[in-house]
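Here the structure is laid out as structure tokens; the discussion comes afterwards.
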Amino acid sequence: MKIRGKTWKFGADIDTDAIIPARYLNTSDPKELALHVMEDADPEFPKKVRPGDIIVADKNFGCGSSREHAPIAIKAAGIQAVVAKSFARIFFRNAFNIGLPIFESPEAADRIGEGDEIEIDADRGVITNLTKNEQYQAKPIPPFMQELIESGGLVEWTKKKIRAA
Amino acid sequence: MTITEKILAHHAGLDEVVPGDLINARVDLVLANDITAPIAIREFERIGAKGVFDPDRIAFIPDHFAPQKDIKAAEQCKLLRDFSHENNLSLYFEVGRMGVEHALLPEQGLVLPGDLVIGADSHTCTYGALGAFATGVGSTDVAAAMATGQCWFKVPESMKFIYYGRLNPWVGGKDLILHTIGDIGVDGALYRAMEFDGETIRALPMHGRLTMCNMAIEAGGKSGIIVPDEITESYVKDRAKRPYSFYSSDPDAEYVDIREYDCSRIEPLVACPHLPSNVRPARELADITIDQVVVGSCTNGRLEDLREAAMVIKGRKVNPNVRMIVIPATQQIYRDAMKEGLLEIFIDAEAVVSTPTCGPCLGGHMGILAKGERALATTNRNFVGRMGHPESEVYLSNPAVAAASAVLGRIGLPEELGL
């Protein structure tokens, strides 16, 4: 799978309250959540972001709450993928479970500038910066997570498991 | 093996696990609240399982926006209630019986030593204080576990934190964990189990242990854990609704990092905006005026926390520039605080006392900050906009410092009131 898009940059320790503030969590409707995505990190972001864009962030992206609303809001806003130096663990889990592609690459997070056009080869974990003409390697996805992705997320994987039992 | 590895191995039906292993393990309890359960229910229905794996091991607790703060929140809470009725869940807690989830479940003896617990709430790590492996997951994980009784885990590496020395006056579990997060940072324990140990921990009462394990997530930890002992036994023996097991770490267990802290050098601490790791001694913050004080939450809303705050505020008044909101974390705590006269002390001081709710901690309701306002809270997070307007500020402290500050109208210490 290849993912190509324009990037938006964010700093370190972007928490889930910044990704989707709790004041909007009285709903779990993806469309409504998407209207407020990243609002407390950048109030203009929900207006600026376009379907197909990619978020690039520093370390510990998604720290804080376990709210799955965070990756759901990102996905529903049409953001195709998140690249970061590292991810907080519940966000990491949630992203795989719901099928939001995420990539860990300190080099990419440092080198990519806001607005750069990048292409991610998801299978090989290779990130190409088309604007700067550079390539970066993302950390390989563990085999079990790969299996989750191939099944279409945790729900589909669990369905298969129940059927097999 | 460490205590964490032993609990995970046992629940996966294995003799041994090592960090990095991916395992499927049986869960003893699955938990979700009014924010996370609606998605879990939706995903559970997509899985199409015939029913839940065990109606007595799924806890649904509407505590975040409950008592229902608006129509949308009420619709969400109703989903929990309807699903619980349809599936005969015995651990659904209606308003009037519910409390803040991580205070309620240990209090009711529903999480126990040796358990493996997952919850769609990041502060599920609280139960490590009982010697359980407990970790926060997402709603979809909860959905899968509701269907299968299992969850996948990567066995975490463990870090050990050794605390020694006597605690200074007005220093407790909150200050120890803030000190630790200040030391290692908000991702200092990323993906790891944090094992708290040492003579100070062995002498620390259960409420302080619960506070410490509660905030393991604020250092990025997968879990916090304390090897159970006599303090654990005396806490659980009359509460437990089923058998439990004490696990301990082997002398040759492996840790990726071991840190030691001399507690005699730790003073009351405050985490400043906008990260829990931005920790400074409370005495250095005397010029920070405040508009609101919150005493409550899964971190510091237990009876002992209320006693500590009441001890400081007794016979005094909340500063005219401050509103003080006290939230007993469960109905039992509320009743006990009432019997002990703590609620009267707060009301005499012109604080308000609320029904149990997570409410203001996550900027939900019952004490939201306006633009430019500043709160000192005994809660666990001080991210941008956490308690209200994105341009408001949250400082975090223990209950005694919070109560003293409510009187002073600025961040301050009980000593300043002659205590």
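Following the order of the structure tokens, first chain is A, next is B, and so on, with residues numbered from 1 inside each chain and ligands from 1 in the order they appear.
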With a cut-off of 6 Å, could you pull out the residues of chain A touching chain B and give me the nearest pair of atoms for each, distance in Å to one decimal, using only C-alpha atoms, ordered by chain and ascending number, as a Markdown table?
```
| residue | atom | partner | partner_atom | distance |
| --- | --- | --- | --- | --- |
| A:Arg23 | CA | B:Gly364 | CA | 5.8 |
| A:Asn26 | CA | B:Ala73 | CA | 4.9 |
| A:Ser65 | CA | B:Ser122 | CA | 5.1 |
| A:Ser66 | CA | B:Ser122 | CA | 4.8 |
| A:Glu68 | CA | B:Gly138 | CA | 5.5 |
| A:Arg89 | CA | B:Tyr191 | CA | 5.9 |
| A:Ile90 | CA | B:Val137 | CA | 5.7 |
| A:Asn94 | CA | B:Gly138 | CA | 5.6 |
| A:Val155 | CA | B:Ile47 | CA | 5.6 |
| A:Lys159 | CA | B:Ile47 | CA | 5.4 |
```
Could you write out the selected residues, including C-alpha atoms, as a CSV table (one decimal), in the first residue's frame?
```
chain,number,residue,atom,x,y,z
A,23,ARG,CA,-15.7,18.7,25.8
A,26,ASN,CA,-20.5,13.5,24.6
A,65,SER,CA,-6.3,9.3,27.7
A,66,SER,CA,-7.3,5.9,26.2
A,68,GLU,CA,-10.3,5.8,20.8
A,89,ARG,CA,1.1,3.0,23.8
A,90,ILE,CA,-2.7,3.2,24.0
A,94,ASN,CA,-6.0,2.0,19.1
A,155,VAL,CA,-12.9,-6.5,15.0
A,159,LYS,CA,-14.6,-12.4,14.1
```
Which residues come within 10 Å of stretch 127-130 of chain A, counting only C-alpha atoms, excluding same-chain residues fewer than 6 positions away, as a tab-separated table (two decimals) with N, CA, C and O atoms, in the first residue's frame?
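Saved the output as part_8.tsv:
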```tsv
chain	number	residue	atom	x	y	z
A	2	LYS	N	0.53	2.20	-0.86
A	2	LYS	CA	1.27	3.47	-0.90
A	2	LYS	C	0.35	4.61	-0.46
A	2	LYS	O	-0.80	4.69	-0.87
A	3	ILE	N	0.88	5.47	0.39
A	3	ILE	CA	0.12	6.60	0.92
A	3	ILE	C	0.87	7.87	0.52
A	3	ILE	O	2.04	8.04	0.86
A	4	ARG	N	0.17	8.76	-0.20
A	4	ARG	CA	0.85	9.97	-0.64
A	4	ARG	C	0.04	11.18	-0.20
A	4	ARG	O	-1.19	11.20	-0.34
A	5	GLY	N	0.71	12.19	0.35
A	5	GLY	CA	-0.04	13.38	0.77
A	5	GLY	C	0.85	14.50	1.27
A	5	GLY	O	2.07	14.36	1.38
A	6	LYS	N	0.19	15.60	1.58
A	6	LYS	CA	0.85	16.81	2.08
A	6	LYS	C	0.86	16.75	3.61
A	6	LYS	O	-0.08	16.25	4.22
A	83	VAL	N	2.90	10.08	11.09
A	83	VAL	CA	4.31	9.71	11.24
A	83	VAL	C	4.81	10.45	12.48
A	83	VAL	O	4.54	11.64	12.63
A	103	PHE	N	3.34	5.39	11.59
A	103	PHE	CA	4.73	5.01	11.31
A	103	PHE	C	5.66	5.73	12.27
A	103	PHE	O	5.57	6.94	12.44
A	105	SER	N	9.29	7.00	12.93
A	105	SER	CA	10.56	7.29	12.28
A	105	SER	C	11.11	8.62	12.79
A	105	SER	O	10.68	9.69	12.35
A	107	GLU	N	13.89	10.02	12.17
A	107	GLU	CA	14.54	10.74	11.07
A	107	GLU	C	13.49	11.50	10.24
A	107	GLU	O	13.66	12.69	9.95
A	108	ALA	N	12.42	10.80	9.90
A	108	ALA	CA	11.37	11.44	9.11
A	108	ALA	C	10.76	12.61	9.88
A	108	ALA	O	10.52	13.69	9.32
A	111	ARG	N	13.21	15.55	9.67
A	111	ARG	CA	13.55	16.09	8.35
A	111	ARG	C	12.36	16.68	7.60
A	111	ARG	O	12.51	17.64	6.84
A	112	ILE	N	11.19	16.08	7.78
A	112	ILE	CA	10.03	16.54	7.00
A	112	ILE	C	9.59	17.92	7.49
A	112	ILE	O	9.49	18.17	8.69
A	113	GLY	N	9.37	18.82	6.55
A	113	GLY	CA	8.89	20.16	6.90
A	113	GLY	C	7.40	20.27	6.61
A	113	GLY	O	6.85	19.48	5.83
A	116	ASP	N	5.50	19.63	3.12
A	116	ASP	CA	6.24	18.71	2.23
A	116	ASP	C	5.27	17.64	1.71
A	116	ASP	O	4.37	17.20	2.42
A	117	GLU	N	5.52	17.23	0.48
A	117	GLU	CA	4.75	16.14	-0.11
A	117	GLU	C	5.53	14.85	0.16
A	117	GLU	O	6.71	14.77	-0.17
A	118	ILE	N	4.87	13.87	0.81
A	118	ILE	CA	5.60	12.62	1.08
A	118	ILE	C	4.82	11.42	0.55
A	118	ILE	O	3.60	11.50	0.35
A	119	GLU	N	5.55	10.33	0.34
A	119	GLU	CA	4.91	9.07	-0.05
A	119	GLU	C	5.42	7.97	0.87
A	119	GLU	O	6.64	7.84	1.06
A	120	ILE	N	4.48	7.23	1.46
A	120	ILE	CA	4.87	6.16	2.37
A	120	ILE	C	4.57	4.82	1.72
A	120	ILE	O	3.44	4.56	1.30
A	121	ASP	N	5.61	3.99	1.61
A	121	ASP	CA	5.41	2.61	1.16
A	121	ASP	C	5.15	1.80	2.44
A	121	ASP	O	6.09	1.45	3.16
A	136	TYR	N	13.48	8.03	4.17
A	136	TYR	CA	13.67	7.66	5.57
A	136	TYR	C	13.06	6.28	5.80
A	136	TYR	O	12.11	5.90	5.13
A	137	GLN	N	13.60	5.57	6.80
A	137	GLN	CA	13.08	4.24	7.12
A	137	GLN	C	12.21	4.32	8.38
A	137	GLN	O	12.62	4.93	9.37
A	138	ALA	N	11.03	3.71	8.34
A	138	ALA	CA	10.20	3.62	9.55
A	138	ALA	C	10.49	2.30	10.25
A	138	ALA	O	10.96	1.35	9.62
```
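Non-sequential neighbours of B:Glu308 (distance at most 8 Å, separation of 4 or more positions within a chain, only C-alpha atoms) are B:Glu304, B:Val312, B:Pro399, B:Ala400.
Our summary of the geometry notes that atom CA of A:Pro30 is positioned 5.9 Å from atom CA of A:Ala73.
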Residues of stretch 6-144 of chain A in alpha helix (DSSP H) according to DSSP, as a short mmCIF file (atom, residue, chain, number, x, y, z; two decimals) with C-alpha atoms, in the first residue's frame?
```
data_model
loop_
_atom_site.label_atom_id
_atom_site.label_comp_id
_atom_site.auth_asym_id
_atom_site.auth_seq_id
_atom_site.Cartn_x
_atom_site.Cartn_y
_atom_site.Cartn_z
CA THR A 16 -5.33 13.15 23.37
CA ASP A 17 -6.99 16.24 24.88
CA ALA A 18 -5.29 18.28 22.15
CA ILE A 19 -6.28 15.76 19.46
CA PRO A 30 -16.80 10.16 13.74
CA LYS A 31 -18.10 13.02 11.57
CA GLU A 32 -18.75 15.26 14.56
CA LEU A 33 -15.41 14.38 16.15
CA ALA A 34 -13.59 15.22 12.90
CA PHE A 45 -6.50 22.94 11.96
CA PRO A 46 -10.01 21.53 11.40
CA LYS A 47 -10.54 24.25 8.74
CA LYS A 48 -7.12 23.85 7.12
CA HIS A 69 -12.05 9.03 19.69
CA ALA A 70 -8.55 10.42 19.06
CA PRO A 71 -7.51 8.13 16.19
CA ILE A 72 -11.16 8.05 15.05
CA ALA A 73 -11.24 11.87 14.75
CA ILE A 74 -7.97 11.85 12.81
CA LYS A 75 -9.18 9.13 10.46
CA ALA A 76 -12.61 10.71 9.97
CA ARG A 89 1.14 3.04 23.80
CA ILE A 90 -2.65 3.18 24.04
CA PHE A 91 -2.80 5.45 20.99
CA PHE A 92 -0.49 3.00 19.17
CA ARG A 93 -2.81 0.10 20.03
CA ASN A 94 -5.95 2.02 19.12
CA ALA A 95 -4.56 3.13 15.76
CA PHE A 96 -3.86 -0.48 14.74
CA ASN A 97 -7.16 -1.69 16.11
CA ILE A 98 -9.19 0.80 14.06
CA PRO A 106 12.66 9.81 14.25
CA GLU A 107 14.54 10.74 11.07
CA ALA A 108 11.37 11.44 9.11
CA ALA A 109 9.92 13.45 12.00
CA ASP A 110 13.05 15.63 12.09
CA ARG A 111 13.55 16.09 8.35
CA PRO A 143 4.24 -9.52 12.73
CA PHE A 144 1.15 -9.70 14.94
#
```
> So which residues of stretch 30-158 of chain A fall under strand (DSSP E or B) by DSSP, listed as a count of residues only?
Replying inline: 27
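Taking atom CA of B:Arg374 and atom CA of B:Gly412 as endpoints, the distance between them is 14.4 Å.
Pairwise distance (atom CA of B:Pro243, atom CA of B:Asp63) equals 27.4 Å.
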